[in-house]
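One structure below.
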Amino acid sequence: MINTGKLAGCTIFITGASRGIGKSIALKAAQDGANIVLAAKTAEPHPKLPGTIYSAADEVEKVGGKALPCIVDVRDETQVANAVKNAVDKFGGIDILVNNASAISLTDTLNTEMKRYDLMNQINARGTFLVSKLCLPHLLKSKNPHIINLSPPLSMHPIWFKNHIAYTIAKYGMSMCVLGMAEEFKDRGVAVNALWPKTAIHTAAMEMLAGSESARTSRKPEIVADAAYAIMCKDSKAVTGNFFVDEDILRNEGVSDFVQYACDPSNADNLMLDFFLDIDKIDPRMVEKEVQRHQKLSQANGGSGGKIEMIFAAIDKNLSNELVTKTGAIFQFNVKGDEAGIWYLDLKNGKGSLGKGEPPNSPADATLTMDSANFFAMFSGKLKPATAFMMGKLKVTGNIQKAMKLEKLMGSLKSKL
């Protein structure tokens, strides 16, 4: 999306702006000549994540903006208040707030430590409320004030709660701030909206969570930045209380080329949906139809319909030193349903090996549990692991990042099953 210059001179306060989506939004607005307040914790380089508030500030000024880097932990009221004061002292006010700072832990109830629960709720829900509260007195003085929370549409579908209830509560806290503040301040001209990506967005944090292979099924942060820019340029009195999705916003702005946002343009039509979206578009009959097709094929060939055996036979043919080098993990599969059993796949040692039962030499790095029908659909490319996980069809214990590395292997088997 082309910059219009509408944000020239505007002061935009962005939390979590040292990297990822926050920094992309900062750079997009800076190209108009906006003043960017980079509020984030990273003042010193992180050992695993690139970027600091100071390196981000340099990038902002290189593209035409003015930057104010502020060390801010959104859990700390004093730090937030100081950053807001410094922003007003330097730039004369605050016109737009982007609540982007967030913490994530995709753990179920029994595996969520309370310190992790508290961290997510203090950063996501409480932090969003606090920063909004302290910025609002200045936003109310702006000619076109906006608050944008990077949070999902509210939904009471149980599937978004059962596998990671603590994270959902924390993110929905941000969304409830949109719902309440939009109504509270609509008569005073402050637009309060949520923005959420349609697909997975490849950031350093995503790579830590799901591995480098996640880039192939993800989009760049720039799509969210372009969508945020489109919202910020609108009349605040005419657009508030919405739960926007990045792709929908841009389509309404006339954007038709979404391949430009794909990390891997050759895979632009096979992207991973983000959490909290499109649950009604996932057809549960898809899995059953695929299973029935293979059952008929097996029966026509005189077989008994051993789908799980067929999968592992195909995997066995694809074992290689290269696959072991790229994966470096041992998996255990607890298969339920019609073809219940335990299987292992060793992609850490030698040329790789597999078989029935638990791994014989060392414990699994990740254990995947699911029904045999869903297991077959996943390995035949009809059900993505992330979708299966979000729908509750796949349970993962152990190292989730290593579990996600199986997606490439699944893709290679698709044409063989």
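Note on naming: chains are A, B, ... as they come in the structure tokens, residues start from 1 per chain, ligands start from 1 in the order shown.
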Item to check | Close residues, Phe389 (chain A) itself excluded, 12 Å, only C-alpha atoms, min 3 positions apart in chain, as a ChimeraX atom specification | outcome: /A:106-108,159-160,162-164,272-275,368-370,374-375,378,383-386,392-397,400,403-404
Next, dump the selected residues to file, keeping only N, CA, C and O atoms, as a compact mmCIF listing (two decimals), in the first residue's frame.
# COMPACT_ATOMS: atom_id res chain seq x y z
N LEU A 106 1.39 -21.11 24.54
CA LEU A 106 0.31 -21.96 24.06
C LEU A 106 0.26 -23.25 24.89
O LEU A 106 0.48 -24.34 24.39
N THR A 107 -0.06 -23.09 26.15
CA THR A 107 -0.10 -24.23 27.07
C THR A 107 -1.49 -24.41 27.63
O THR A 107 -2.24 -23.46 27.82
N ASP A 108 -1.82 -25.68 27.92
CA ASP A 108 -3.12 -25.96 28.51
C ASP A 108 -3.09 -25.67 30.01
O ASP A 108 -2.07 -25.27 30.57
N ILE A 159 -13.30 -23.81 21.05
CA ILE A 159 -12.04 -24.28 20.50
C ILE A 159 -10.89 -23.31 20.77
O ILE A 159 -9.73 -23.71 20.86
N TRP A 160 -11.21 -22.02 20.93
CA TRP A 160 -10.16 -21.05 21.19
C TRP A 160 -9.77 -20.99 22.66
O TRP A 160 -8.86 -20.25 23.02
N LYS A 162 -9.94 -24.18 24.80
CA LYS A 162 -9.62 -25.48 25.39
C LYS A 162 -8.13 -25.82 25.40
O LYS A 162 -7.66 -26.50 26.31
N ASN A 163 -7.37 -25.33 24.42
CA ASN A 163 -5.97 -25.73 24.32
C ASN A 163 -4.99 -24.73 24.92
O ASN A 163 -3.85 -25.09 25.23
N HIS A 164 -5.42 -23.48 25.07
CA HIS A 164 -4.53 -22.43 25.60
C HIS A 164 -5.37 -21.34 26.25
O HIS A 164 -5.32 -20.17 25.87
N MET A 272 -0.63 -20.60 6.49
CA MET A 272 -1.21 -21.05 7.75
C MET A 272 -2.14 -19.96 8.30
O MET A 272 -1.74 -18.81 8.44
N LEU A 273 -3.38 -20.32 8.60
CA LEU A 273 -4.28 -19.37 9.22
C LEU A 273 -3.82 -19.05 10.63
O LEU A 273 -3.28 -19.90 11.33
N ASP A 274 -4.05 -17.80 11.05
CA ASP A 274 -3.68 -17.45 12.40
C ASP A 274 -4.72 -17.96 13.39
O ASP A 274 -5.80 -18.42 13.00
N PHE A 275 -4.38 -17.90 14.67
CA PHE A 275 -5.33 -18.28 15.72
C PHE A 275 -6.56 -17.38 15.66
O PHE A 275 -6.52 -16.25 15.19
N LEU A 368 3.15 -36.45 19.91
CA LEU A 368 1.94 -35.98 19.25
C LEU A 368 0.84 -37.01 19.44
O LEU A 368 1.03 -38.19 19.16
N THR A 369 -0.30 -36.57 19.91
CA THR A 369 -1.43 -37.45 20.16
C THR A 369 -2.62 -37.00 19.33
O THR A 369 -3.02 -35.84 19.38
N MET A 370 -3.19 -37.93 18.55
CA MET A 370 -4.37 -37.61 17.77
C MET A 370 -5.04 -38.87 17.25
O MET A 370 -4.46 -39.96 17.27
N ASN A 374 -7.50 -38.26 11.72
CA ASN A 374 -6.88 -36.94 11.63
C ASN A 374 -5.38 -37.06 11.37
O ASN A 374 -4.79 -36.24 10.67
N PHE A 375 -4.77 -38.09 11.93
CA PHE A 375 -3.35 -38.34 11.72
C PHE A 375 -3.06 -38.54 10.23
O PHE A 375 -2.14 -37.96 9.67
N MET A 378 -3.49 -35.31 8.27
CA MET A 378 -2.39 -34.38 8.48
C MET A 378 -1.17 -34.77 7.66
O MET A 378 -0.57 -33.93 6.98
N LEU A 383 -4.69 -31.61 6.24
CA LEU A 383 -4.94 -30.94 7.51
C LEU A 383 -3.61 -30.42 8.04
O LEU A 383 -2.71 -31.21 8.33
N LYS A 384 -3.47 -29.11 8.12
CA LYS A 384 -2.21 -28.53 8.58
C LYS A 384 -2.04 -28.75 10.07
O LYS A 384 -3.01 -28.70 10.83
N PRO A 385 -0.80 -28.99 10.52
CA PRO A 385 -0.56 -29.21 11.94
C PRO A 385 -1.09 -28.08 12.82
O PRO A 385 -1.67 -28.33 13.87
N ALA A 386 -0.86 -26.82 12.40
CA ALA A 386 -1.31 -25.69 13.21
C ALA A 386 -2.84 -25.68 13.31
O ALA A 386 -3.41 -25.40 14.36
N GLY A 392 -8.02 -28.57 18.26
CA GLY A 392 -8.03 -29.58 19.31
C GLY A 392 -7.90 -31.00 18.78
O GLY A 392 -8.06 -31.97 19.53
N LYS A 393 -7.58 -31.15 17.49
CA LYS A 393 -7.43 -32.48 16.91
C LYS A 393 -6.02 -33.04 17.14
O LYS A 393 -5.79 -34.22 16.92
N LEU A 394 -5.10 -32.19 17.55
CA LEU A 394 -3.73 -32.59 17.79
C LEU A 394 -3.28 -32.04 19.13
O LEU A 394 -3.42 -30.84 19.41
N LYS A 395 -2.74 -32.93 19.97
CA LYS A 395 -2.17 -32.50 21.25
C LYS A 395 -0.67 -32.73 21.19
O LYS A 395 -0.21 -33.81 20.80
N VAL A 396 0.09 -31.71 21.56
CA VAL A 396 1.54 -31.80 21.52
C VAL A 396 2.10 -31.57 22.91
O VAL A 396 1.76 -30.59 23.58
N THR A 397 2.95 -32.48 23.36
CA THR A 397 3.68 -32.29 24.60
C THR A 397 5.17 -32.34 24.28
O THR A 397 5.60 -32.99 23.33
N ILE A 400 7.45 -27.99 21.26
CA ILE A 400 6.51 -27.65 20.18
C ILE A 400 7.26 -27.19 18.93
O ILE A 400 6.86 -27.50 17.81
N ALA A 403 8.25 -30.10 17.03
CA ALA A 403 7.07 -30.76 16.46
C ALA A 403 6.65 -30.08 15.16
O ALA A 403 6.25 -30.75 14.20
N MET A 404 6.78 -28.75 15.10
CA MET A 404 6.37 -28.02 13.90
C MET A 404 7.28 -28.30 12.72
O MET A 404 6.91 -28.07 11.57
Next on the checklist: Applying 9 Å and only C-alpha atoms, which residues near Lys326 (chain A) remain after dropping the ones on its own chain fewer than 5 positions away? List them as an MDAnalysis selection string.
Outcome noted: chainID A and resid 321 347 405
What would the file look like if the residues just selected were written as a PDB file, in the first residue's frame with C-alpha atoms?
ATOM      1  CA  ASN A 321      20.807 -37.916   6.309  1.00  0.00           C
ATOM      2  CA  LEU A 347      15.129 -37.995  12.955  1.00  0.00           C
ATOM      3  CA  LYS A 405       9.390 -29.135  11.869  1.00  0.00           C
TER       4      LYS A 405
END
Checklist entry - Counting only C-alpha atoms, what is within 6 Å of Asp246 (chain A), bar same-chain residues fewer than 4 positions away, as number ranges by chain? => result A: 197, 224, 227
Selection to disk with all heavy atoms, as an mmCIF file, in the first residue's frame:
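Writing the result to selection-v5.cif gives the following:
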data_model
loop_
_atom_site.group_PDB
_atom_site.id
_atom_site.type_symbol
_atom_site.label_atom_id
_atom_site.label_comp_id
_atom_site.auth_asym_id
_atom_site.auth_seq_id
_atom_site.Cartn_x
_atom_site.Cartn_y
_atom_site.Cartn_z
ATOM 1 N N PRO A 197 -4.052 -10.412 12.176
ATOM 2 C CA PRO A 197 -3.668 -10.968 10.877
ATOM 3 C C PRO A 197 -4.514 -12.177 10.484
ATOM 4 O O PRO A 197 -4.922 -12.962 11.345
ATOM 5 C CB PRO A 197 -2.203 -11.380 11.092
ATOM 6 C CG PRO A 197 -2.120 -11.680 12.550
ATOM 7 C CD PRO A 197 -3.059 -10.712 13.223
ATOM 8 N N VAL A 224 0.508 -6.350 8.028
ATOM 9 C CA VAL A 224 -0.167 -5.787 9.192
ATOM 10 C C VAL A 224 0.116 -4.289 9.279
ATOM 11 O O VAL A 224 -0.768 -3.493 9.620
ATOM 12 C CB VAL A 224 0.279 -6.492 10.483
ATOM 13 C CG1 VAL A 224 -0.504 -5.959 11.680
ATOM 14 C CG2 VAL A 224 0.093 -7.997 10.368
ATOM 15 N N ALA A 227 -2.082 -2.471 6.840
ATOM 16 C CA ALA A 227 -3.463 -2.426 7.324
ATOM 17 C C ALA A 227 -3.603 -1.404 8.450
ATOM 18 O O ALA A 227 -4.585 -0.644 8.501
ATOM 19 C CB ALA A 227 -3.891 -3.812 7.800
#
Next on the checklist: Using only C-alpha atoms, which protein or nucleic acid residues come within 9 Å of region 70-82 of chain A? Drop anything in the same chain fewer than 2 positions from it, and give the result as a VMD selection string.
Outcome noted: chain A and resid 15 to 16 37 to 43 53 to 54 68 84 to 87 101 119 122 to 124 126 to 128 130 to 131 134 to 135
Which residues are close to Pro137 (chain A), i.e. within 12 Å by only C-alpha atoms, leaving aside same-chain residues fewer than 6 positions away? Reply as a PDB file with all heavy atoms, in the first residue's frame.
ATOM      1  N   ALA A  81       4.201   6.040  32.411  1.00  0.00           N
ATOM      2  CA  ALA A  81       3.910   7.454  32.632  1.00  0.00           C
ATOM      3  C   ALA A  81       5.072   8.334  32.194  1.00  0.00           C
ATOM      4  O   ALA A  81       4.871   9.392  31.572  1.00  0.00           O
ATOM      5  CB  ALA A  81       3.595   7.693  34.114  1.00  0.00           C
ATOM      6  N   VAL A  84       5.156   8.498  28.344  1.00  0.00           N
ATOM      7  CA  VAL A  84       4.090   9.373  27.843  1.00  0.00           C
ATOM      8  C   VAL A  84       4.477  10.838  28.036  1.00  0.00           C
ATOM      9  O   VAL A  84       4.330  11.673  27.125  1.00  0.00           O
ATOM     10  CB  VAL A  84       2.755   9.058  28.557  1.00  0.00           C
ATOM     11  CG1 VAL A  84       1.704  10.126  28.228  1.00  0.00           C
ATOM     12  CG2 VAL A  84       2.249   7.679  28.159  1.00  0.00           C
ATOM     13  N   LYS A  85       5.003  11.166  29.208  1.00  0.00           N
ATOM     14  CA  LYS A  85       5.427  12.546  29.483  1.00  0.00           C
ATOM     15  C   LYS A  85       6.540  12.966  28.528  1.00  0.00           C
ATOM     16  O   LYS A  85       6.510  14.087  27.975  1.00  0.00           O
ATOM     17  CB  LYS A  85       5.909  12.670  30.932  1.00  0.00           C
ATOM     18  CG  LYS A  85       6.360  14.085  31.313  1.00  0.00           C
ATOM     19  CD  LYS A  85       6.817  14.156  32.750  1.00  0.00           C
ATOM     20  CE  LYS A  85       7.193  15.590  33.135  1.00  0.00           C
ATOM     21  NZ  LYS A  85       8.231  16.175  32.287  1.00  0.00           N
ATOM     22  N   VAL A  88       5.138  13.673  25.070  1.00  0.00           N
ATOM     23  CA  VAL A  88       4.416  14.958  25.011  1.00  0.00           C
ATOM     24  C   VAL A  88       5.392  16.127  25.072  1.00  0.00           C
ATOM     25  O   VAL A  88       5.240  17.124  24.351  1.00  0.00           O
ATOM     26  CB  VAL A  88       3.381  15.038  26.150  1.00  0.00           C
ATOM     27  CG1 VAL A  88       2.726  16.419  26.195  1.00  0.00           C
ATOM     28  CG2 VAL A  88       2.312  13.961  25.972  1.00  0.00           C
ATOM     29  N   GLY A  93       2.373  16.260  22.001  1.00  0.00           N
ATOM     30  CA  GLY A  93       1.123  15.527  22.217  1.00  0.00           C
ATOM     31  C   GLY A  93       1.244  14.105  21.707  1.00  0.00           C
ATOM     32  O   GLY A  93       2.318  13.666  21.283  1.00  0.00           O
ATOM     33  N   ILE A  94       0.128  13.382  21.751  1.00  0.00           N
ATOM     34  CA  ILE A  94       0.050  12.023  21.202  1.00  0.00           C
ATOM     35  C   ILE A  94      -1.232  11.917  20.391  1.00  0.00           C
ATOM     36  O   ILE A  94      -2.319  12.266  20.871  1.00  0.00           O
ATOM     37  CB  ILE A  94       0.057  10.955  22.328  1.00  0.00           C
ATOM     38  CG1 ILE A  94       1.371  11.024  23.106  1.00  0.00           C
ATOM     39  CG2 ILE A  94      -0.135   9.554  21.741  1.00  0.00           C
ATOM     40  CD1 ILE A  94       1.404  10.113  24.330  1.00  0.00           C
ATOM     41  N   ASP A  95      -1.097  11.469  19.148  1.00  0.00           N
ATOM     42  CA  ASP A  95      -2.250  11.375  18.252  1.00  0.00           C
ATOM     43  C   ASP A  95      -2.754   9.950  18.076  1.00  0.00           C
ATOM     44  O   ASP A  95      -3.951   9.740  17.862  1.00  0.00           O
ATOM     45  CB  ASP A  95      -1.879  11.933  16.878  1.00  0.00           C
ATOM     46  CG  ASP A  95      -1.430  13.383  16.939  1.00  0.00           C
ATOM     47  OD1 ASP A  95      -2.286  14.240  17.213  1.00  0.00           O
ATOM     48  OD2 ASP A  95      -0.231  13.634  16.751  1.00  0.00           O
ATOM     49  N   ILE A  96      -1.854   8.995  18.138  1.00  0.00           N
ATOM     50  CA  ILE A  96      -2.219   7.600  17.860  1.00  0.00           C
ATOM     51  C   ILE A  96      -1.479   6.686  18.836  1.00  0.00           C
ATOM     52  O   ILE A  96      -0.294   6.900  19.116  1.00  0.00           O
ATOM     53  CB  ILE A  96      -1.858   7.204  16.412  1.00  0.00           C
ATOM     54  CG1 ILE A  96      -2.659   8.048  15.410  1.00  0.00           C
ATOM     55  CG2 ILE A  96      -2.119   5.711  16.164  1.00  0.00           C
ATOM     56  CD1 ILE A  96      -2.182   7.915  13.965  1.00  0.00           C
ATOM     57  N   LEU A  97      -2.174   5.695  19.330  1.00  0.00           N
ATOM     58  CA  LEU A  97      -1.567   4.670  20.191  1.00  0.00           C
ATOM     59  C   LEU A  97      -1.744   3.310  19.539  1.00  0.00           C
ATOM     60  O   LEU A  97      -2.854   2.944  19.131  1.00  0.00           O
ATOM     61  CB  LEU A  97      -2.231   4.663  21.573  1.00  0.00           C
ATOM     62  CG  LEU A  97      -1.946   3.453  22.468  1.00  0.00           C
ATOM     63  CD1 LEU A  97      -0.459   3.355  22.800  1.00  0.00           C
ATOM     64  CD2 LEU A  97      -2.792   3.504  23.733  1.00  0.00           C
ATOM     65  N   VAL A 131      -1.572   1.532  29.325  1.00  0.00           N
ATOM     66  CA  VAL A 131      -1.020   2.464  28.330  1.00  0.00           C
ATOM     67  C   VAL A 131      -2.142   3.304  27.718  1.00  0.00           C
ATOM     68  O   VAL A 131      -1.990   4.513  27.510  1.00  0.00           O
ATOM     69  CB  VAL A 131      -0.231   1.711  27.243  1.00  0.00           C
ATOM     70  CG1 VAL A 131       0.322   2.688  26.211  1.00  0.00           C
ATOM     71  CG2 VAL A 131       0.918   0.912  27.864  1.00  0.00           C
ATOM     72  N   PRO A 145      -7.677  11.212  16.706  1.00  0.00           N
ATOM     73  CA  PRO A 145      -7.055  10.237  17.605  1.00  0.00           C
ATOM     74  C   PRO A 145      -7.493   8.795  17.349  1.00  0.00           C
ATOM     75  O   PRO A 145      -8.674   8.521  17.114  1.00  0.00           O
ATOM     76  CB  PRO A 145      -7.522  10.693  18.990  1.00  0.00           C
ATOM     77  CG  PRO A 145      -8.854  11.325  18.733  1.00  0.00           C
ATOM     78  CD  PRO A 145      -8.742  11.975  17.384  1.00  0.00           C
ATOM     79  N   PHE A 185     -15.631   6.156  24.417  1.00  0.00           N
ATOM     80  CA  PHE A 185     -15.056   7.394  23.882  1.00  0.00           C
ATOM     81  C   PHE A 185     -15.540   7.767  22.478  1.00  0.00           C
ATOM     82  O   PHE A 185     -15.019   8.704  21.880  1.00  0.00           O
ATOM     83  CB  PHE A 185     -13.522   7.277  23.872  1.00  0.00           C
ATOM     84  CG  PHE A 185     -12.918   7.237  25.252  1.00  0.00           C
ATOM     85  CD1 PHE A 185     -12.563   6.027  25.822  1.00  0.00           C
ATOM     86  CD2 PHE A 185     -12.759   8.394  26.000  1.00  0.00           C
ATOM     87  CE1 PHE A 185     -12.026   5.970  27.103  1.00  0.00           C
ATOM     88  CE2 PHE A 185     -12.227   8.362  27.274  1.00  0.00           C
ATOM     89  CZ  PHE A 185     -11.859   7.141  27.841  1.00  0.00           C
ATOM     90  N   ARG A 188     -16.536  11.254  21.945  1.00  0.00           N
ATOM     91  CA  ARG A 188     -15.463  12.237  22.123  1.00  0.00           C
ATOM     92  C   ARG A 188     -14.429  12.122  20.999  1.00  0.00           C
ATOM     93  O   ARG A 188     -13.366  12.732  21.051  1.00  0.00           O
ATOM     94  CB  ARG A 188     -14.819  12.054  23.493  1.00  0.00           C
ATOM     95  CG  ARG A 188     -15.844  12.182  24.620  1.00  0.00           C
ATOM     96  CD  ARG A 188     -15.227  11.981  25.988  1.00  0.00           C
ATOM     97  NE  ARG A 188     -14.369  13.098  26.375  1.00  0.00           N
ATOM     98  CZ  ARG A 188     -13.729  13.178  27.535  1.00  0.00           C
ATOM     99  NH1 ARG A 188     -13.854  12.191  28.427  1.00  0.00           N
ATOM    100  NH2 ARG A 188     -12.974  14.222  27.817  1.00  0.00           N
ATOM    101  N   VAL A 190     -12.574   9.582  19.767  1.00  0.00           N
ATOM    102  CA  VAL A 190     -11.423   8.683  19.769  1.00  0.00           C
ATOM    103  C   VAL A 190     -11.821   7.344  19.155  1.00  0.00           C
ATOM    104  O   VAL A 190     -12.726   6.669  19.657  1.00  0.00           O
ATOM    105  CB  VAL A 190     -10.888   8.444  21.196  1.00  0.00           C
ATOM    106  CG1 VAL A 190      -9.678   7.505  21.151  1.00  0.00           C
ATOM    107  CG2 VAL A 190     -10.510   9.769  21.856  1.00  0.00           C
TER     108      VAL A 190
END
Next on the checklist: Give me, as an MDAnalysis selection string, all polymer residues having an atom no more than 12 Å from Ile223 (chain A), counting only C-alpha atoms and skipping those fewer than 3 positions away in the same chain.
Outcome noted: chainID A and resid 1 20:22 24:25 28 195:202 218:220 226:230 245:251 255 257:263
Item to check | Length of the CA of Ala314 (chain A) to CA of Gly341 (chain A) vector [Å] | outcome: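 One can read the CA of Ala314 (chain A) to CA of Gly341 (chain A) distance as 17.7 Å.
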Next on the checklist: DSSP on the backbone, strand (DSSP E) only: what residues of region 45-294 of chain A does that give? Format it as a PyMOL selection string.
Outcome noted: chain A and resi 66-71+96-99+146-149+191-196+243-245
Next on the checklist: as a PyMOL selection string, please: every residue in region 78-136 of chain A that a backbone DSSP assignment puts in helix (DSSP H, G or I).
Outcome noted: chain A and resi 78-91+109-111+114-136
Checklist entry - Can you tell me how far CA of Glu358 (chain A) sits from CA of Tyr344 (chain A), in Å to one decimal? => result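 Computing it gives 5.8 Å between the two atoms.
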Checklist entry - From the list A:Pro152, A:Gln332, A:Ser256, A:Ala67, which residue is nearest Asp346 (chain A) when using only C-alpha atoms? => result A:Gln332
Checklist entry - Neighbours of region 349-356 of chain A within 9 Å (only C-alpha atoms; same-chain residues fewer than 3 positions away dropped), as a ChimeraX atom specification? => result /A:312,315-316,319-325,328-330,341-346,359
